[in-house]
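K.L.:
What follows is upload_34.pdb, PDB, C-alpha atoms, pLDDT in the B column.
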ATOM      1  CA  MET A1125      -4.398  13.519 -15.377  1.00 53.00           C
ATOM      2  CA  PHE A1126      -5.537  15.677 -12.507  1.00 50.00           C
ATOM      3  CA  THR A1127      -3.765  18.807 -11.295  1.00 51.00           C
ATOM      4  CA  VAL A1128      -3.248  18.812  -7.559  1.00 47.00           C
ATOM      5  CA  LYS A1129      -2.341  21.767  -5.377  1.00 50.00           C
ATOM      6  CA  ASN A1130       1.346  22.797  -5.274  1.00 49.00           C
ATOM      7  CA  ALA A1131       1.582  22.100  -9.030  1.00 46.00           C
ATOM      8  CA  ILE A1132       2.109  18.348  -8.569  1.00 59.00           C
ATOM      9  CA  VAL A1133       0.367  16.384 -11.287  1.00 71.00           C
ATOM     10  CA  MET A1134      -1.340  13.117 -10.365  1.00 82.00           C
ATOM     11  CA  ASN A1135      -1.132  10.632 -13.225  1.00 92.00           C
ATOM     12  CA  VAL A1136      -4.169   8.311 -13.280  1.00 92.00           C
ATOM     13  CA  ASN A1137      -4.141   5.036 -15.190  1.00 95.00           C
ATOM     14  CA  ILE A1138      -7.309   2.896 -15.405  1.00 93.00           C
ATOM     15  CA  GLN A1139      -6.933  -0.579 -16.939  1.00 95.00           C
ATOM     16  CA  THR A1140      -9.476  -3.316 -17.453  1.00 92.00           C
ATOM     17  CA  VAL A1141      -8.655  -7.008 -17.651  1.00 88.00           C
ATOM     18  CA  ARG A1142     -10.875  -9.541 -19.474  1.00 82.00           C
ATOM     19  CA  PHE A1143     -13.562  -7.005 -20.391  1.00 86.00           C
ATOM     20  CA  ASN A1144     -14.125  -3.568 -21.916  1.00 90.00           C
ATOM     21  CA  ALA A1145     -15.366  -0.935 -19.478  1.00 90.00           C
ATOM     22  CA  ASP A1146     -18.181   1.362 -20.477  1.00 93.00           C
ATOM     23  CA  SER A1147     -17.753   5.116 -20.143  1.00 93.00           C
ATOM     24  CA  LYS A1148     -20.027   5.278 -17.062  1.00 95.00           C
ATOM     25  CA  LEU A1149     -17.689   2.989 -15.094  1.00 94.00           C
ATOM     26  CA  VAL A1150     -14.573   4.906 -16.165  1.00 94.00           C
ATOM     27  CA  ASP A1151     -16.245   8.220 -15.260  1.00 94.00           C
ATOM     28  CA  TYR A1152     -17.315   6.802 -11.885  1.00 95.00           C
ATOM     29  CA  VAL A1153     -13.752   5.722 -11.080  1.00 95.00           C
ATOM     30  CA  SER A1154     -12.256   9.008 -12.307  1.00 93.00           C
ATOM     31  CA  ASP A1155     -14.684  11.102 -10.250  1.00 93.00           C
ATOM     32  CA  LYS A1156     -13.942   9.140  -7.087  1.00 93.00           C
ATOM     33  CA  LEU A1157     -10.183   9.330  -7.655  1.00 92.00           C
ATOM     34  CA  GLN A1158     -10.242  13.128  -7.791  1.00 89.00           C
ATOM     35  CA  LYS A1159     -11.091  13.117  -4.075  1.00 88.00           C
ATOM     36  CA  ILE A1160      -8.036  11.043  -3.115  1.00 90.00           C
ATOM     37  CA  SER A1161      -5.749  14.050  -3.471  1.00 86.00           C
ATOM     38  CA  THR A1162      -7.365  15.590  -0.382  1.00 89.00           C
ATOM     39  CA  PHE A1163      -5.753  12.893   1.782  1.00 88.00           C
ATOM     40  CA  HIS A1164      -2.180  13.268   0.497  1.00 86.00           C
ATOM     41  CA  ASP A1165      -0.884  16.299  -1.346  1.00 85.00           C
ATOM     42  CA  ARG A1166       2.065  14.570  -3.068  1.00 88.00           C
ATOM     43  CA  ILE A1167       0.412  11.720  -4.979  1.00 91.00           C
ATOM     44  CA  ILE A1168       2.398  11.056  -8.131  1.00 93.00           C
ATOM     45  CA  LYS A1169       0.553   8.175  -9.747  1.00 95.00           C
ATOM     46  CA  VAL A1170      -2.602   6.125  -9.279  1.00 96.00           C
ATOM     47  CA  ASP A1171      -3.111   2.812 -11.071  1.00 97.00           C
ATOM     48  CA  VAL A1172      -6.546   1.186 -11.069  1.00 97.00           C
ATOM     49  CA  PHE A1173      -7.040  -2.350 -12.357  1.00 97.00           C
ATOM     50  CA  LEU A1174     -10.570  -3.642 -12.848  1.00 95.00           C
ATOM     51  CA  LYS A1175     -10.696  -7.394 -13.420  1.00 92.00           C
ATOM     52  CA  LEU A1176     -13.190 -10.185 -13.918  1.00 88.00           C
ATOM     53  CA  ASP A1177     -12.443 -13.329 -11.929  1.00 82.00           C
ATOM     54  CA  ASN A1178     -13.842 -16.856 -12.314  1.00 70.00           C
ATOM     55  CA  VAL A1179     -14.627 -16.342 -15.988  1.00 59.00           C
ATOM     56  CA  VAL A1180     -15.085 -20.099 -16.472  1.00 60.00           C
ATOM     57  CA  HIS A1181     -17.882 -20.282 -13.905  1.00 61.00           C
ATOM     58  CA  ASN A1182     -21.261 -18.580 -14.059  1.00 58.00           C
ATOM     59  CA  ILE A1183     -20.538 -16.381 -11.037  1.00 63.00           C
ATOM     60  CA  LYS A1184     -18.078 -13.652 -11.877  1.00 67.00           C
ATOM     61  CA  ASP A1185     -16.383 -11.722  -9.116  1.00 86.00           C
ATOM     62  CA  LYS A1186     -15.445  -8.157  -9.948  1.00 92.00           C
ATOM     63  CA  ILE A1187     -12.018  -7.217  -8.609  1.00 93.00           C
ATOM     64  CA  ALA A1188     -10.682  -3.708  -8.133  1.00 96.00           C
ATOM     65  CA  GLU A1189      -7.006  -3.099  -7.403  1.00 97.00           C
ATOM     66  CA  ILE A1190      -5.637   0.343  -6.604  1.00 97.00           C
ATOM     67  CA  ARG A1191      -1.971   1.280  -6.384  1.00 97.00           C
ATOM     68  CA  VAL A1192      -1.049   4.790  -5.208  1.00 96.00           C
ATOM     69  CA  GLN A1193       2.490   6.133  -5.498  1.00 95.00           C
ATOM     70  CA  VAL A1194       3.787   8.970  -3.360  1.00 91.00           C
ATOM     71  CA  PRO A1195       7.440   9.944  -2.987  1.00 89.00           C
ATOM     72  CA  ARG A1196       9.363   7.033  -1.392  1.00 89.00           C
ATOM     73  CA  GLN A1197       6.161   5.061  -0.732  1.00 92.00           C
ATOM     74  CA  GLN A1198       3.570   2.919  -2.461  1.00 95.00           C
ATOM     75  CA  PHE A1199       0.127   1.815  -1.262  1.00 96.00           C
ATOM     76  CA  PHE A1200      -1.785  -1.162  -2.680  1.00 97.00           C
ATOM     77  CA  VAL A1201      -5.278  -2.536  -2.084  1.00 97.00           C
ATOM     78  CA  LYS A1202      -7.333  -5.296  -3.686  1.00 96.00           C
ATOM     79  CA  ALA A1203     -11.078  -5.795  -3.162  1.00 94.00           C
ATOM     80  CA  SER A1204     -13.703  -7.996  -4.779  1.00 91.00           C
ATOM     81  CA  SER A1205     -17.489  -8.147  -4.809  1.00 91.00           C
ATOM     82  CA  LYS A1206     -20.365  -8.682  -7.220  1.00 89.00           C
ATOM     83  CA  SER A1207     -20.102  -5.206  -8.806  1.00 92.00           C
ATOM     84  CA  PHE A1208     -17.183  -3.057  -9.912  1.00 93.00           C
ATOM     85  CA  GLU A1209     -18.537   0.019  -8.153  1.00 95.00           C
ATOM     86  CA  GLU A1210     -18.786  -1.831  -4.846  1.00 95.00           C
ATOM     87  CA  SER A1211     -15.301  -3.339  -5.254  1.00 95.00           C
ATOM     88  CA  PHE A1212     -13.805   0.009  -6.200  1.00 97.00           C
ATOM     89  CA  ASP A1213     -15.487   1.835  -3.295  1.00 97.00           C
ATOM     90  CA  SER A1214     -14.216  -0.774  -0.842  1.00 96.00           C
ATOM     91  CA  ALA A1215     -10.675  -0.592  -2.238  1.00 97.00           C
ATOM     92  CA  LEU A1216     -10.744   3.213  -2.246  1.00 97.00           C
ATOM     93  CA  ASN A1217     -11.873   3.322   1.399  1.00 97.00           C
ATOM     94  CA  SER A1218      -9.077   0.922   2.352  1.00 97.00           C
ATOM     95  CA  ILE A1219      -6.408   2.888   0.522  1.00 96.00           C
ATOM     96  CA  VAL A1220      -7.596   6.147   2.083  1.00 95.00           C
ATOM     97  CA  MET A1221      -7.293   4.517   5.520  1.00 95.00           C
ATOM     98  CA  GLN A1222      -3.746   3.347   4.671  1.00 94.00           C
ATOM     99  CA  ILE A1223      -2.762   6.842   3.561  1.00 92.00           C
ATOM    100  CA  LYS A1224      -4.293   8.437   6.677  1.00 91.00           C
ATOM    101  CA  ARG A1225      -2.545   5.936   8.995  1.00 92.00           C
ATOM    102  CA  LYS A1226       0.818   6.541   7.358  1.00 89.00           C
ATOM    103  CA  LYS A1227       0.346  10.303   7.474  1.00 83.00           C
ATOM    104  CA  ASP A1228      -0.660  10.139  11.171  1.00 84.00           C
ATOM    105  CA  LYS A1229       2.394   7.997  11.985  1.00 82.00           C
ATOM    106  CA  LYS A1230       4.635  10.427  10.160  1.00 78.00           C
ATOM    107  CA  ALA A1231       3.118  13.417  11.988  1.00 77.00           C
ATOM    108  CA  ALA A1232       3.530  11.754  15.417  1.00 68.00           C
TER     109      ALA A1232
END
Will you turn the file into structure tokens for me?
P.N.:
Amino acid sequence: MFTVKNAIVMNVNIQTVRFNADSKLVDYVSDKLQKISTFHDRIIKVDVFLKLDNVVHNIKDKIAEIRVQVPRQQFFVKASSKSFEESFDSALNSIVMQIKRKKDKKAA
């Protein structure tokens, strides 16, 4: 859990599917997620799902899904690539853009 300004607590949940994440990957995701609170000050919950796809084949895509909950709204992004860090960074950039767009629309 991360404490965000105005005493709102952001609950962060990181889940892995079909593999066990090492501490470096979990730390990487946690560090990046701390910055998301700068884009919206009322984030309630963030769910991150890291998945392996195409387990049967030799090539395994790494999928990152991020779901962000704010009051009366939810944002969701899914990205895949050959590494979890790359997938997560892509998904995080997309979700930040979604949050910024929604905030700009609301302000206009």
K.L.:
So that I can see what lies close to Ala1188 in chain A, please list as a list in words the residues with an atom at most 6 Å from it, counting only C-alpha atoms and leaving out residues fewer than 4 positions away in the same chain.
P.N.:
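Here the qualifying residues turn out to be Phe1173, Leu1174, Lys1202, Ala1203, Ser1211 and Phe1212 of chain A.
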K.L.:
List as a PyMOL selection string the protein and nucleic acid residues near Ser1205 in chain A, meaning an atom at most 7 Å away when all atoms listed in the file are counted, but skip any in the same chain fewer than 6 places from it.
P.N.:
chain A and resi 1185-1187+1211
K.L.:
I'd like to see the residues matched by the PyMOL selection byres ((chain A and resi 1162) around 12) on this file, and ideally I'd get them as a PyMOL selection string.
P.N.:
chain A and resi 1127-1129+1134+1156-1161+1163-1167+1220+1223-1224
K.L.:
Report the distance between CA of Ala1215 in chain A and CA of Asp1177 in chain A in Å, rounded to one decimal place.
P.N.:
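About the pair CA of Ala1215 in chain A and CA of Asp1177 in chain A: they are 16.1 Å apart.
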K.L.:
Give the answer as one residue: which of A:Asn1135, A:Phe1200, A:Val1170, A:Phe1208 has the shortest atom-to-atom distance to Val1150 in chain A, using all atoms listed in the file?
P.N.:
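Comparing A:Asn1135, A:Phe1200, A:Val1170, A:Phe1208 against Val1150 in chain A, the winner is A:Phe1208.
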K.L.:
Identify which of the residues A:Leu1149, A:Val1172, A:Val1194, A:Met1221 lies closest to Asn1137 in chain A, counting all atoms listed in the file when measuring atom-to-atom distances.
P.N.:
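Going through A:Leu1149, A:Val1172, A:Val1194, A:Met1221 one by one, the smallest distance to Asn1137 in chain A is for A:Val1172.
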K.L.:
Kindly give the distance, in Å, that separates CA of Ile1219 in chain A and CA of Gln1193 in chain A, rounded to a single decimal.
P.N.:
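So the two atoms, CA of Ile1219 in chain A and CA of Gln1193 in chain A, lie 11.2 Å apart.
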K.L.:
Record the distance separating CA of Phe1143 in chain A and CA of Gln1222 in chain A, expressed in Å with one decimal.
P.N.:
28.8 Å
K.L.:
Kindly resolve the PyMOL selection byres ((chain A and resi 1142) around 7) on the present coordinates and return the residues as a count of residues only.
P.N.:
5
K.L.:
Edge lengths and centre in Å to one decimal, as JSON, of the axis-aligned box that encloses all listed atoms of range 1153-1171 of chain A with 4 Å added on every side?
P.N.:
{"center_x": -6.1, "center_y": 9.6, "center_z": -5.3, "size_x": 25.1, "size_y": 21.5, "size_z": 22.1}
